[in-house]
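**Q** Contents of work04.txt (compact mmCIF, C-alpha atoms) are given next:
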```
# COMPACT_ATOMS: atom_id res chain seq x y z
CA MET A 392 -9.43 -58.60 23.76
CA LYS A 393 -10.55 -58.47 27.40
CA ALA A 394 -12.42 -55.17 28.15
CA ASN A 395 -9.90 -52.47 27.23
CA HIS A 396 -6.84 -54.55 28.09
CA PRO A 397 -4.75 -55.55 25.05
CA THR A 398 -4.40 -59.11 26.43
CA ASP A 399 -4.42 -60.71 22.99
CA MET A 400 -1.59 -58.51 21.81
CA LEU A 401 0.72 -59.04 24.81
CA PRO A 402 2.27 -62.37 23.60
CA ALA A 403 3.26 -60.75 20.30
CA PHE A 404 4.45 -57.62 22.12
CA ALA A 405 6.74 -59.76 24.32
CA LEU A 406 8.10 -61.38 21.19
CA GLY A 407 8.54 -57.98 19.50
CA CYS A 408 6.43 -58.86 16.44
CA LEU A 409 3.53 -56.40 16.66
CA ASP A 410 3.13 -53.97 13.79
CA PRO A 411 4.00 -50.37 14.73
CA ASP A 412 0.45 -49.04 15.30
CA GLU A 413 -0.52 -51.95 17.57
CA ASN A 414 2.81 -51.67 19.35
CA SER A 415 2.16 -47.99 20.15
CA GLN A 416 -1.31 -48.86 21.49
CA VAL A 417 0.13 -51.48 23.84
CA LEU A 418 2.95 -49.21 24.97
CA GLU A 419 0.48 -46.45 25.78
CA HIS A 420 -1.72 -48.87 27.74
CA LEU A 421 1.25 -50.27 29.69
CA ARG A 422 2.09 -46.85 31.03
CA TYR A 423 -1.04 -46.95 33.16
CA CYS A 424 -1.97 -50.63 33.63
CA ALA A 425 -0.13 -52.55 36.35
CA SER A 426 -1.92 -55.86 35.66
CA CYS A 427 -0.90 -55.87 31.98
CA ARG A 428 2.66 -54.99 33.00
CA ALA A 429 2.74 -58.03 35.31
CA GLU A 430 1.28 -60.19 32.53
CA LEU A 431 3.90 -58.88 30.11
CA GLN A 432 6.73 -59.72 32.52
CA ALA A 433 5.56 -63.34 32.61
CA LEU A 434 5.44 -63.47 28.79
CA GLU A 435 8.90 -61.91 28.53
CA GLU A 436 10.20 -64.80 30.62
CA VAL A 437 8.75 -67.15 27.97
CA SER A 438 10.61 -65.23 25.30
CA VAL A 439 13.86 -65.56 27.30
CA HIS A 440 13.38 -69.29 27.78
CA LEU A 441 13.25 -69.70 23.99
CA ALA A 442 16.97 -68.85 23.94
CA TYR A 443 17.61 -72.25 25.58
CA ALA A 444 16.17 -73.96 22.53
CA VAL A 445 18.98 -73.11 20.11
CA PRO A 446 22.02 -75.36 19.59
CA PHE A 447 24.65 -74.54 22.23
CA VAL A 448 27.91 -72.97 20.98
CA GLU A 449 30.59 -71.15 22.98
CA PRO A 450 32.30 -67.96 21.78
CA SER A 451 36.09 -67.79 21.39
CA GLU A 452 38.27 -66.53 24.25
CA THR A 453 38.94 -63.34 22.27
CA VAL A 454 35.44 -62.05 23.10
CA LYS A 455 36.13 -62.16 26.83
CA LYS A 456 39.57 -60.58 26.40
CA ASN A 457 38.17 -57.72 24.28
CA LEU A 458 35.20 -57.23 26.61
CA LEU A 459 37.37 -56.90 29.71
CA ALA A 460 39.78 -54.56 27.90
CA THR A 461 36.88 -52.33 26.74
CA CYS A 462 35.28 -52.24 30.18
CA SER A 463 38.57 -51.44 31.93
CA SER A 464 38.96 -48.40 29.72
CA GLN A 465 35.41 -47.27 30.54
CA ARG A 466 35.91 -47.75 34.26
CA SER A 467 37.30 -44.25 34.67
CA PHE A 468 33.77 -42.91 33.98
CA ALA A 469 32.11 -45.15 36.58
CA TRP A 470 32.53 -42.73 39.46
CA VAL A 471 30.80 -39.97 37.46
CA GLU A 472 27.75 -42.19 36.83
CA LYS A 473 27.68 -43.23 40.48
CA LEU A 474 27.82 -39.59 41.55
CA PHE A 475 24.98 -38.65 39.19
CA ASN A 476 22.86 -41.58 40.37
CA ARG A 477 23.32 -40.55 43.99
CA TRP A 478 22.70 -36.85 43.36
CA PRO A 479 20.60 -36.57 40.18
CA ARG A 480 20.31 -32.83 40.62
CA LEU A 481 23.98 -32.61 39.71
CA VAL A 482 23.09 -33.58 36.12
CA PRO A 483 21.54 -30.26 35.01
CA ILE A 484 24.06 -28.32 37.12
CA THR A 485 26.92 -30.19 35.44
CA ALA A 486 25.34 -29.64 32.02
CA ILE A 487 25.15 -25.89 32.61
CA ALA A 488 28.66 -25.83 34.10
CA SER A 489 29.96 -27.75 31.06
CA CYS A 490 28.35 -25.17 28.73
CA VAL A 491 29.88 -22.28 30.65
CA LEU A 492 33.29 -23.95 30.74
CA ALA A 493 33.12 -24.73 27.02
CA VAL A 494 32.35 -21.07 26.25
CA VAL A 495 35.12 -19.86 28.61
CA PHE A 496 37.67 -22.23 27.09
CA ALA A 497 36.66 -21.35 23.55
CA THR A 498 36.85 -17.59 24.27
CA SER A 499 40.19 -17.85 26.06
CA SER A 500 41.60 -20.00 23.27
CA LEU A 501 40.48 -17.46 20.66
CA LEU A 502 42.01 -14.60 22.65
CA LEU A 503 45.22 -16.56 22.98
CA LEU A 504 45.32 -17.32 19.28
CA LYS A 505 44.84 -13.61 18.50
CA ASN A 506 47.80 -12.65 20.67
CA VAL A 507 50.18 -15.33 19.52
CA ASN A 508 51.49 -15.22 15.99
CA LEU A 509 51.26 -18.83 15.04
CA THR A 510 52.91 -20.16 11.94
CA GLN A 511 51.10 -23.46 11.95
CA SER A 512 47.43 -24.36 12.19
CA VAL A 513 46.13 -25.33 15.60
CA THR A 514 43.16 -27.55 16.40
CA VAL A 515 41.48 -26.66 19.65
CA ALA A 516 39.98 -29.82 21.13
CA ASP A 517 36.53 -28.91 22.46
CA LEU A 518 33.14 -30.08 23.43
CA GLN A 519 30.21 -29.62 21.08
CA LEU A 520 26.74 -29.25 22.51
CA VAL A 521 23.58 -30.36 20.76
CA PRO A 522 20.32 -29.15 22.34
CA LEU A 523 17.31 -31.50 22.30
CA GLN A 524 13.71 -30.25 22.36
CA GLY A 525 10.74 -31.97 24.01
CA ALA A 526 8.30 -33.47 21.49
CA GLU A 527 4.51 -33.16 21.65
CA ALA A 528 4.23 -36.06 24.12
CA MET A 529 6.53 -34.36 26.67
CA PRO A 530 6.99 -30.69 25.71
CA GLN A 531 8.56 -29.85 29.09
CA ALA A 532 11.47 -32.27 28.55
CA ILE A 533 14.89 -30.92 27.65
CA GLY A 534 18.18 -32.57 26.84
CA GLN A 535 21.64 -32.05 25.55
CA LEU A 536 24.27 -34.15 23.82
CA VAL A 537 27.80 -33.31 24.93
CA VAL A 538 30.12 -34.48 22.16
CA ASP A 539 33.90 -34.69 22.36
CA ALA A 540 34.95 -33.44 18.93
CA ALA A 541 38.24 -35.34 19.04
CA SER A 542 36.91 -38.81 19.72
CA GLY A 543 33.41 -38.31 18.33
CA GLN A 544 31.98 -39.92 21.45
CA GLY A 545 29.57 -38.24 23.82
CA ARG A 546 27.08 -38.26 26.66
CA LEU A 547 23.37 -37.55 26.75
CA LEU A 548 21.99 -35.43 29.58
CA VAL A 549 18.23 -35.14 30.01
CA ASN A 550 15.93 -33.34 32.40
CA ALA A 551 12.15 -33.25 33.06
CA LEU A 552 11.46 -36.58 31.35
CA GLN A 553 8.58 -38.39 33.00
CA PRO A 554 9.68 -41.47 35.05
CA LEU A 555 8.25 -44.55 33.30
CA ALA A 556 6.55 -47.73 34.44
CA GLU A 557 8.97 -50.54 35.27
CA THR A 558 8.49 -52.40 32.01
CA LEU A 559 9.41 -49.38 29.90
CA GLN A 560 12.59 -47.44 29.19
CA TYR A 561 13.69 -44.53 27.06
CA GLN A 562 15.81 -45.32 24.01
CA LEU A 563 18.12 -42.97 22.15
CA TRP A 564 18.14 -43.24 18.35
CA LEU A 565 20.99 -41.98 16.18
CA ILE A 566 19.61 -41.13 12.74
CA ARG A 567 21.33 -40.84 9.37
CA ASP A 568 19.44 -40.69 6.08
CA GLY A 569 16.34 -41.98 7.85
CA GLN A 570 18.17 -45.08 9.19
CA ARG A 571 17.96 -45.38 12.98
CA SER A 572 20.55 -47.06 15.20
CA SER A 573 20.19 -47.48 18.92
CA GLY A 574 22.46 -45.24 21.00
CA GLY A 575 21.43 -46.88 24.27
CA VAL A 576 18.49 -47.37 26.59
CA PHE A 577 18.05 -45.62 29.90
CA SER A 578 15.70 -44.84 32.74
CA VAL A 579 15.41 -41.51 34.52
CA SER A 580 15.54 -40.63 38.21
CA GLN A 581 12.41 -39.53 40.08
CA ASN A 582 13.35 -35.96 39.08
CA GLY A 583 13.32 -36.94 35.43
CA THR A 584 17.08 -36.67 34.94
CA ALA A 585 19.61 -39.07 33.44
CA ASP A 586 23.20 -39.07 32.25
CA VAL A 587 23.96 -41.71 29.61
CA LEU A 588 27.20 -42.65 27.87
CA ILE A 589 26.17 -42.89 24.20
CA SER A 590 26.95 -46.17 22.51
CA SER A 591 27.80 -45.65 18.86
CA ALA A 592 29.83 -47.55 16.31
CA TRP A 593 30.50 -44.28 14.45
CA PRO A 594 31.62 -40.82 15.63
CA LEU A 595 28.46 -38.87 16.49
CA ALA A 596 29.11 -36.37 13.69
CA HIS A 597 28.25 -39.22 11.30
CA TYR A 598 24.57 -38.82 12.20
CA ASP A 599 22.24 -35.99 11.14
CA SER A 600 19.74 -36.09 13.99
CA VAL A 601 18.74 -37.88 17.18
CA GLY A 602 15.47 -38.87 18.80
CA ILE A 603 14.35 -40.44 22.06
CA THR A 604 11.33 -42.74 22.25
CA ILE A 605 9.56 -44.81 24.89
CA GLU A 606 10.25 -48.52 24.39
CA PRO A 607 9.80 -51.82 26.23
CA TYR A 608 12.39 -52.42 28.96
CA GLY A 609 15.73 -53.29 27.37
CA GLY A 610 14.93 -51.40 24.16
CA SER A 611 13.70 -52.31 20.67
CA PRO A 612 15.53 -53.03 17.43
CA SER A 613 13.77 -50.01 15.88
CA PRO A 614 11.56 -47.23 17.30
CA THR A 615 8.04 -48.33 18.19
CA GLY A 616 6.86 -45.91 20.88
CA GLN A 617 6.12 -42.23 21.21
CA LYS A 618 8.89 -39.74 20.52
CA VAL A 619 9.65 -37.55 23.55
CA LEU A 620 12.82 -35.63 22.61
CA GLY A 621 14.67 -34.85 19.43
CA GLY A 622 17.26 -32.61 17.83
CA LYS A 623 19.44 -31.96 14.79
CA MET A 624 23.12 -32.81 15.11
CA LEU A 625 24.68 -29.97 13.03
CA LEU A 626 28.21 -30.92 14.18
CA MET B 746 62.52 -69.04 55.94
CA PHE B 747 64.09 -69.26 52.53
CA PHE B 748 61.23 -67.57 50.69
CA SER B 749 61.61 -63.91 49.80
CA ARG B 750 59.17 -61.39 51.24
CA GLN B 751 57.90 -60.54 47.74
CA PHE B 752 57.20 -64.21 47.03
CA LEU B 753 55.16 -64.62 50.21
CA ILE B 754 53.14 -61.45 49.49
CA THR B 755 52.39 -62.68 45.97
CA VAL B 756 51.25 -66.08 47.26
CA PHE B 757 49.11 -64.43 49.96
CA LEU B 758 47.48 -61.97 47.54
CA GLY B 759 46.93 -64.73 44.99
CA THR B 760 45.18 -66.92 47.57
CA PHE B 761 43.15 -63.98 48.82
CA ASP B 762 42.15 -63.02 45.29
CA ARG B 763 41.12 -66.59 44.40
CA GLY B 764 39.12 -66.84 47.63
CA HIS B 765 37.48 -63.51 46.87
CA LYS B 766 36.59 -64.59 43.33
CA PHE B 767 35.26 -67.90 44.61
CA ALA B 768 32.99 -66.02 47.03
CA LYS B 769 31.73 -63.84 44.16
CA LYS B 770 30.94 -66.91 42.06
CA MET B 771 28.43 -67.81 44.74
CA LEU B 772 26.61 -64.49 44.21
CA ASP B 773 23.34 -64.58 42.28
CA ASP B 774 22.92 -62.47 39.12
CA ASN B 775 21.50 -59.47 41.00
CA GLY B 776 24.46 -59.52 43.40
CA LEU B 777 26.87 -59.57 40.46
CA VAL B 778 25.17 -56.62 38.74
CA GLU B 779 25.29 -54.73 42.03
CA GLN B 780 29.04 -55.38 42.19
CA MET B 781 29.40 -54.31 38.56
CA ALA B 782 27.69 -51.03 39.36
CA SER B 783 30.54 -50.28 41.74
CA GLY B 784 33.08 -51.00 38.99
CA ASP B 785 33.95 -54.61 39.89
CA GLU B 786 35.34 -56.22 36.73
CA GLN B 787 35.54 -59.67 38.33
CA ALA B 788 31.75 -59.61 38.73
CA LEU B 789 31.41 -58.85 35.00
CA GLU B 790 33.76 -61.73 34.20
CA ILE B 791 31.67 -64.14 36.31
CA LEU B 792 28.40 -62.95 34.75
CA TYR B 793 29.95 -63.31 31.31
CA GLU B 794 31.10 -66.88 32.06
CA ARG B 795 27.60 -67.68 33.32
CA TYR B 796 25.74 -66.48 30.20
CA LYS B 797 28.26 -66.35 27.35
CA GLY B 798 27.04 -69.62 25.86
CA LEU B 799 23.36 -68.69 26.07
CA ILE B 800 23.87 -65.27 24.47
CA TYR B 801 26.40 -66.31 21.85
CA SER B 802 24.37 -69.35 20.74
CA LEU B 803 21.31 -67.14 20.24
CA MET B 804 23.33 -64.48 18.38
CA LEU B 805 24.76 -67.12 16.07
CA GLN B 806 21.29 -68.46 15.27
CA ILE B 807 19.97 -64.97 14.51
CA LEU B 808 22.95 -63.68 12.55
CA GLY B 809 24.41 -66.88 11.08
CA ASP B 810 27.90 -65.42 11.26
CA HIS B 811 30.51 -66.15 13.96
CA GLY B 812 32.28 -62.77 13.72
CA GLN B 813 29.11 -60.70 14.02
CA ALA B 814 27.72 -62.99 16.72
CA GLU B 815 30.88 -62.43 18.78
CA GLU B 816 30.73 -58.68 18.19
CA VAL B 817 27.12 -58.44 19.38
CA THR B 818 27.83 -60.73 22.37
CA GLN B 819 30.69 -58.47 23.42
CA ASP B 820 28.60 -55.34 22.88
CA THR B 821 25.73 -56.77 24.96
CA PHE B 822 27.91 -57.42 28.00
CA ALA B 823 29.62 -54.04 27.58
CA ARG B 824 26.17 -52.39 27.68
CA ILE B 825 25.23 -54.31 30.81
CA TRP B 826 28.49 -53.11 32.36
CA ARG B 827 27.75 -49.48 31.49
CA GLN B 828 24.13 -49.63 32.60
CA ALA B 829 24.61 -51.75 35.74
CA SER B 830 23.97 -48.84 38.10
CA GLY B 831 20.56 -48.22 36.49
CA TYR B 832 19.38 -51.84 36.81
CA ARG B 833 16.32 -52.42 39.02
CA THR B 834 15.50 -55.99 40.05
CA SER B 835 11.75 -55.30 40.02
CA ARG B 836 11.78 -54.54 36.28
CA ALA B 837 13.18 -57.77 34.89
CA THR B 838 15.58 -60.54 35.84
CA VAL B 839 19.20 -60.06 34.79
CA LYS B 840 18.79 -62.92 32.32
CA THR B 841 15.72 -61.27 30.73
CA TRP B 842 17.61 -57.99 30.55
CA LEU B 843 20.64 -59.62 28.90
CA VAL B 844 18.65 -61.65 26.38
CA SER B 845 16.43 -58.68 25.38
CA ILE B 846 19.40 -56.39 24.80
CA ALA B 847 21.26 -59.07 22.84
CA ARG B 848 18.27 -60.09 20.70
CA ASN B 849 17.36 -56.47 19.92
CA ARG B 850 20.94 -55.69 18.89
CA ALA B 851 21.18 -58.81 16.71
CA ILE B 852 17.87 -58.12 14.97
CA ASP B 853 18.97 -54.52 14.44
CA VAL B 854 22.17 -55.77 12.75
CA LEU B 855 20.18 -58.33 10.74
CA ARG B 856 17.72 -55.69 9.48
CA LYS B 857 20.54 -53.39 8.37
CA ARG B 858 22.15 -56.31 6.59
CA ARG B 859 18.77 -57.40 5.18
CA SER B 860 19.45 -61.16 5.68
CA ARG B 861 21.52 -63.81 7.42
CA VAL B 862 25.07 -64.37 6.14
CA ASP B 863 24.62 -68.11 5.63
CA GLU B 864 21.61 -69.08 3.61
CA ASN B 865 20.35 -71.75 6.01
CA SER B 866 17.45 -70.52 8.07
CA ALA B 867 17.79 -70.23 11.82
CA MET B 868 16.24 -73.15 13.60
CA TRP B 869 15.48 -74.66 16.97
CA ALA B 870 17.81 -77.37 18.27
CA ASP B 871 16.64 -80.94 17.83
CA GLY B 872 15.84 -83.13 20.82
CA VAL B 873 19.46 -84.26 21.41
CA LEU B 874 21.11 -82.30 24.23
CA GLU B 875 24.73 -81.21 23.81
CA THR B 876 27.27 -81.76 26.55
CA LEU B 877 27.53 -78.41 28.26
CA PRO B 878 30.78 -77.17 29.77
CA ALA B 879 30.68 -77.20 33.59
CA LYS B 880 30.53 -73.55 34.63
CA GLY B 881 28.73 -73.40 37.95
CA THR B 882 27.86 -75.72 40.78
CA PRO B 883 26.78 -79.28 39.79
CA GLU B 884 23.20 -78.27 40.74
CA GLN B 885 23.31 -75.26 38.39
CA ASN B 886 24.61 -77.42 35.54
CA VAL B 887 21.89 -80.01 36.05
CA GLU B 888 19.29 -77.23 36.26
CA GLU B 889 20.46 -75.71 32.97
CA SER B 890 20.49 -79.04 31.14
CA ASP B 891 17.04 -79.75 32.47
CA MET B 892 15.78 -76.36 31.32
CA ARG B 893 17.19 -76.91 27.81
CA ARG B 894 15.51 -80.29 27.64
CA ARG B 895 12.13 -78.97 28.80
CA VAL B 896 12.17 -75.93 26.46
CA ARG B 897 13.16 -78.03 23.45
CA THR B 898 10.50 -80.61 24.20
CA ALA B 899 7.86 -77.88 24.56
CA ILE B 900 8.82 -76.31 21.22
CA SER B 901 8.96 -79.64 19.41
CA GLN B 902 5.41 -80.37 20.57
CA LEU B 903 4.02 -77.22 18.93
CA PRO B 904 2.23 -77.77 15.59
CA GLU B 905 4.52 -77.02 12.64
CA GLU B 906 2.49 -73.94 11.56
CA GLN B 907 2.88 -72.39 15.02
CA ARG B 908 6.58 -73.24 15.17
CA SER B 909 7.22 -71.59 11.81
CA VAL B 910 5.63 -68.24 12.79
CA LEU B 911 7.51 -68.35 16.10
CA THR B 912 10.78 -68.95 14.24
CA LEU B 913 10.27 -65.96 11.94
CA ALA B 914 9.27 -63.69 14.83
CA TYR B 915 11.99 -64.80 17.24
CA PHE B 916 15.02 -65.19 14.96
CA GLU B 917 14.26 -62.65 12.25
CA GLY B 918 12.29 -60.09 14.27
CA LEU B 919 9.54 -60.05 11.62
CA SER B 920 6.25 -58.35 12.45
CA HIS B 921 2.85 -60.02 12.07
CA SER B 922 2.28 -58.46 8.66
CA LYS B 923 5.77 -59.38 7.37
CA ILE B 924 5.27 -62.98 8.53
CA ALA B 925 1.88 -63.08 6.79
CA GLU B 926 3.53 -61.78 3.62
CA ARG B 927 6.41 -64.27 3.84
CA LEU B 928 4.19 -67.29 4.49
CA GLN B 929 1.38 -66.04 2.27
CA GLN B 930 -1.11 -66.57 5.05
CA PRO B 931 -3.94 -64.25 6.19
CA LEU B 932 -2.83 -61.71 8.82
CA GLY B 933 -5.45 -62.88 11.32
CA THR B 934 -4.21 -66.48 11.04
CA VAL B 935 -0.64 -65.43 11.75
CA LYS B 936 -1.71 -63.33 14.75
CA GLY B 937 -3.66 -66.27 16.15
CA ARG B 938 -0.76 -68.71 15.68
CA VAL B 939 1.71 -66.42 17.45
CA ARG B 940 -0.70 -65.87 20.33
CA ILE B 941 -1.55 -69.56 20.76
CA ALA B 942 2.10 -70.67 20.48
CA MET B 943 3.21 -68.19 23.17
CA ARG B 944 0.32 -69.04 25.49
CA THR B 945 0.94 -72.79 25.05
CA LEU B 946 4.62 -72.38 25.88
CA GLN B 947 3.76 -70.15 28.83
CA GLY B 948 1.49 -72.89 30.20
CA LYS B 949 4.12 -75.61 29.69
CA PHE B 950 6.93 -73.54 31.22
CA ARG B 951 4.73 -72.64 34.19
CA GLU B 952 4.16 -76.34 34.85
CA GLY B 953 7.78 -77.28 34.37
CA PHE B 954 9.92 -74.53 35.90
```
For this file, produce the structure as structure tokens.
**A**
Amino acid sequence: MKANHPTDMLPAFALGCLDPDENSQVLEHLRYCASCRAELQALEEVSVHLAYAVPFVEPSETVKKNLLATCSSQRSFAWVEKLFNRWPRLVPITAIASCVLAVVFATSSLLLLKNVNLTQSVTVADLQLVPLQGAEAMPQAIGQLVVDAASGQGRLLVNALQPLAETLQYQLWLIRDGQRSSGGVFSVSQNGTADVLISSAWPLAHYDSVGITIEPYGGSPSPTGQKVLGGKMLL
Amino acid sequence: MFFSRQFLITVFLGTFDRGHKFAKKMLDDNGLVEQMASGDEQALEILYERYKGLIYSLMLQILGDHGQAEEVTQDTFARIWRQASGYRTSRATVKTWLVSIARNRAIDVLRKRRSRVDENSAMWADGVLETLPAKGTPEQNVEESDMRRRVRTAISQLPEEQRSVLTLAYFEGLSHSKIAERLQQPLGTVKGRVRIAMRTLQGKFREGF
């Protein structure tokens, strides 16, 4: 190892094969060392080139058809993301407004239900909010999951997370019985805010807790870096 | 004229649309992601056509199952679509971004499943190059074939013991200690082989690309 730079570990880091303790050391170092970040980028290119060394096969046309259908349905959310990227301060304001609206809707629905003599059960579609607390590494950070109870899908809103070096990103982990699945990777604005559409194969109520860690750019198959936010689902 | 107004409009819009799509095909990857960030599905389609073979081939090698490989390929491009507005060119190339997301997802699926579906181990292609479908300009096609040839040659020139640790790390996402356990080799030896293999390839790619 050269001086304090983890030069010897960077090839394995780019390949994703360091053991967890070494991985954390490298991640921590990369937060502050521009020369190692540049070195890592070059090694990541090597890792990408390796993909050209597998036998070439094309996917069926169904993949493209399904992809375009999925993305068309998500397009309606694109303007919201664009708005949040342009004015990041809207993220916490929207989060607070969503909370207030959720409470107002819930209260008005309850009042309505009290006044109307219903003979059949009614399900009030609502938003469920899961608060996230900053971990030891970033105690000032806060976040919230906004979950649509009907579809089980949701968004993650965060504030006061430290902007990361260019080779790093935050990654959301959805946890059930100790098993972690990635819910998406994201970066934050200069103000430390982000609004992320959570990617999950299951409704979010399926999971018992969530966590956010610092990972190499593009994310990791399982958590390797420091935890910065976390919370219990209780949905 | 004998053509109806509706017919002429359709022909005009069709020509305009094809011209527009043709112009987009000329965009580089960063330009396409920029277009995707503003909700342009045609840009996604072009990016998909450009990299579907690369991503799917890798997913199939990692997972050994066509259905799951297709699922992860679709999921990878859907993630790129959702995260397009957050992409910064200074962080990584679009190709690096795509391959890292895809590989991470595939290894995640593989770990949950504990092993590949087919029992044959993933492997690097042999020296024979496949005929690739024409998907870009003739120059781009030649460039891609050339890259495949150079990468495969570089890997085939690695000593077998380095190639085997690289295979376990790249296709199975195994850590140093898991590779040492699997190959029954000392941990330090495995670490050294991974490091030397990557540095050798880096040197060869730097000369060749």
**Q** May I have a table of the residues of chain A lying at most 6 Å from chain B, giving each one's closest pair of atoms and their distance in Å to one decimal, counting all atoms listed in the file, ordered by chain and ascending residue number, as JSON lines?
**A**
```
{"residue": "A:Pro402", "atom": "CA", "partner": "B:Arg940", "partner_atom": "CA", "distance": 5.6}
{"residue": "A:Cys408", "atom": "CA", "partner": "B:Ser920", "partner_atom": "CA", "distance": 4.0}
{"residue": "A:Leu409", "atom": "CA", "partner": "B:Ser920", "partner_atom": "CA", "distance": 5.4}
{"residue": "A:Asp410", "atom": "CA", "partner": "B:Ser920", "partner_atom": "CA", "distance": 5.5}
{"residue": "A:Val437", "atom": "CA", "partner": "B:Gln947", "partner_atom": "CA", "distance": 5.9}
{"residue": "A:Val439", "atom": "CA", "partner": "B:Thr841", "partner_atom": "CA", "distance": 5.8}
{"residue": "A:Ala442", "atom": "CA", "partner": "B:Leu803", "partner_atom": "CA", "distance": 6.0}
{"residue": "A:Tyr443", "atom": "CA", "partner": "B:Arg893", "partner_atom": "CA", "distance": 5.2}
{"residue": "A:Ala444", "atom": "CA", "partner": "B:Arg897", "partner_atom": "CA", "distance": 5.1}
{"residue": "A:Val445", "atom": "CA", "partner": "B:Ala870", "partner_atom": "CA", "distance": 4.8}
{"residue": "A:Pro446", "atom": "CA", "partner": "B:Ala870", "partner_atom": "CA", "distance": 4.8}
{"residue": "A:Phe447", "atom": "CA", "partner": "B:Ser802", "partner_atom": "CA", "distance": 5.4}
{"residue": "A:Val448", "atom": "CA", "partner": "B:Ser802", "partner_atom": "CA", "distance": 5.1}
{"residue": "A:Glu449", "atom": "CA", "partner": "B:Gly798", "partner_atom": "CA", "distance": 4.8}
{"residue": "A:Val454", "atom": "CA", "partner": "B:Gln819", "partner_atom": "CA", "distance": 6.0}
{"residue": "A:Leu458", "atom": "CA", "partner": "B:Gln819", "partner_atom": "CA", "distance": 5.7}
{"residue": "A:Glu557", "atom": "CA", "partner": "B:Arg836", "partner_atom": "CA", "distance": 5.0}
{"residue": "A:Thr558", "atom": "CA", "partner": "B:Arg836", "partner_atom": "CA", "distance": 5.8}
{"residue": "A:Gly609", "atom": "CA", "partner": "B:Ile846", "partner_atom": "CA", "distance": 5.4}
{"residue": "A:Ser611", "atom": "CA", "partner": "B:Asn849", "partner_atom": "CA", "distance": 5.6}
{"residue": "A:Pro612", "atom": "CA", "partner": "B:Asn849", "partner_atom": "CA", "distance": 4.6}
```
**Q** Report, in Å with one decimal, the straight-line distance from CA of Val495 (chain A) to CA of Leu523 (chain A).
**A** 22.2 Å
**Q** As an exercise, work out the distance from CA of Ile589 (chain A) to CA of Glu413 (chain A) in Å and give it to one decimal place.
**A** 29.0 Å
**Q** Do you know which residues are at most 8 Å from Asn414 (chain A) counting all atoms listed in the file, after dropping those on the same chain fewer than 6 positions away, and could you put them as a list of chain:residue names?
**A** A:Phe404, A:Thr615, A:Gly616
**Q** Using C-alpha atoms, can you export the residues from the last selection as a PDB file, in the coordinates of the input?
**A**
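Written output follows (part_9.pdb):
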```
ATOM      1  CA  PHE A 404       4.450 -57.620  22.120  1.00  0.00           C
ATOM      2  CA  THR A 615       8.040 -48.330  18.190  1.00  0.00           C
ATOM      3  CA  GLY A 616       6.860 -45.910  20.880  1.00  0.00           C
TER       4      GLY A 616
END
```
**Q** What separation in Å, quoted to one decimal, exists between CA of Ala528 (chain A) and CA of Glu419 (chain A)?
**A**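 A separation of 11.2 Å between them.
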**Q** Looking at only C-alpha atoms, which of A:Pro483, A:Gly621, A:Gly569, A:Pro614 is the one that sits closest to Leu418 (chain A)?
**A**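 The answer is A:Pro614, which sits nearest to Leu418 (chain A).
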**Q** Have region 824-833 of chain B completed to N, CA and C atoms, please, and pass it along as a PDB file, in the frame of the given file.
**A**
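Result file follows (selection30.pdb):
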```
ATOM      1  N   ARG B 824      27.312 -53.249  27.339  1.00  0.00           N
ATOM      2  CA  ARG B 824      26.170 -52.390  27.680  1.00  0.00           C
ATOM      3  C   ARG B 824      25.697 -52.656  29.100  1.00  0.00           C
ATOM      4  N   ILE B 825      25.647 -53.938  29.456  1.00  0.00           N
ATOM      5  CA  ILE B 825      25.230 -54.310  30.810  1.00  0.00           C
ATOM      6  C   ILE B 825      26.197 -53.686  31.825  1.00  0.00           C
ATOM      7  N   TRP B 826      27.461 -53.705  31.497  1.00  0.00           N
ATOM      8  CA  TRP B 826      28.490 -53.110  32.360  1.00  0.00           C
ATOM      9  C   TRP B 826      28.233 -51.608  32.547  1.00  0.00           C
ATOM     10  N   ARG B 827      27.968 -50.935  31.427  1.00  0.00           N
ATOM     11  CA  ARG B 827      27.750 -49.480  31.490  1.00  0.00           C
ATOM     12  C   ARG B 827      26.465 -49.128  32.213  1.00  0.00           C
ATOM     13  N   GLN B 828      25.444 -49.985  32.054  1.00  0.00           N
ATOM     14  CA  GLN B 828      24.130 -49.630  32.600  1.00  0.00           C
ATOM     15  C   GLN B 828      23.833 -50.309  33.932  1.00  0.00           C
ATOM     16  N   ALA B 829      24.842 -50.968  34.512  1.00  0.00           N
ATOM     17  CA  ALA B 829      24.610 -51.750  35.740  1.00  0.00           C
ATOM     18  C   ALA B 829      24.014 -50.896  36.861  1.00  0.00           C
ATOM     19  N   SER B 830      24.452 -49.656  36.971  1.00  0.00           N
ATOM     20  CA  SER B 830      23.970 -48.840  38.100  1.00  0.00           C
ATOM     21  C   SER B 830      22.482 -48.476  37.930  1.00  0.00           C
ATOM     22  N   GLY B 831      21.967 -48.562  36.714  1.00  0.00           N
ATOM     23  CA  GLY B 831      20.560 -48.220  36.490  1.00  0.00           C
ATOM     24  C   GLY B 831      19.632 -49.427  36.573  1.00  0.00           C
ATOM     25  N   TYR B 832      20.198 -50.616  36.808  1.00  0.00           N
ATOM     26  CA  TYR B 832      19.380 -51.840  36.810  1.00  0.00           C
ATOM     27  C   TYR B 832      18.512 -51.917  38.079  1.00  0.00           C
ATOM     28  N   ARG B 833      17.234 -52.238  37.880  1.00  0.00           N
ATOM     29  CA  ARG B 833      16.320 -52.420  39.020  1.00  0.00           C
ATOM     30  C   ARG B 833      15.759 -53.840  38.959  1.00  0.00           C
TER      31      ARG B 833
END
```
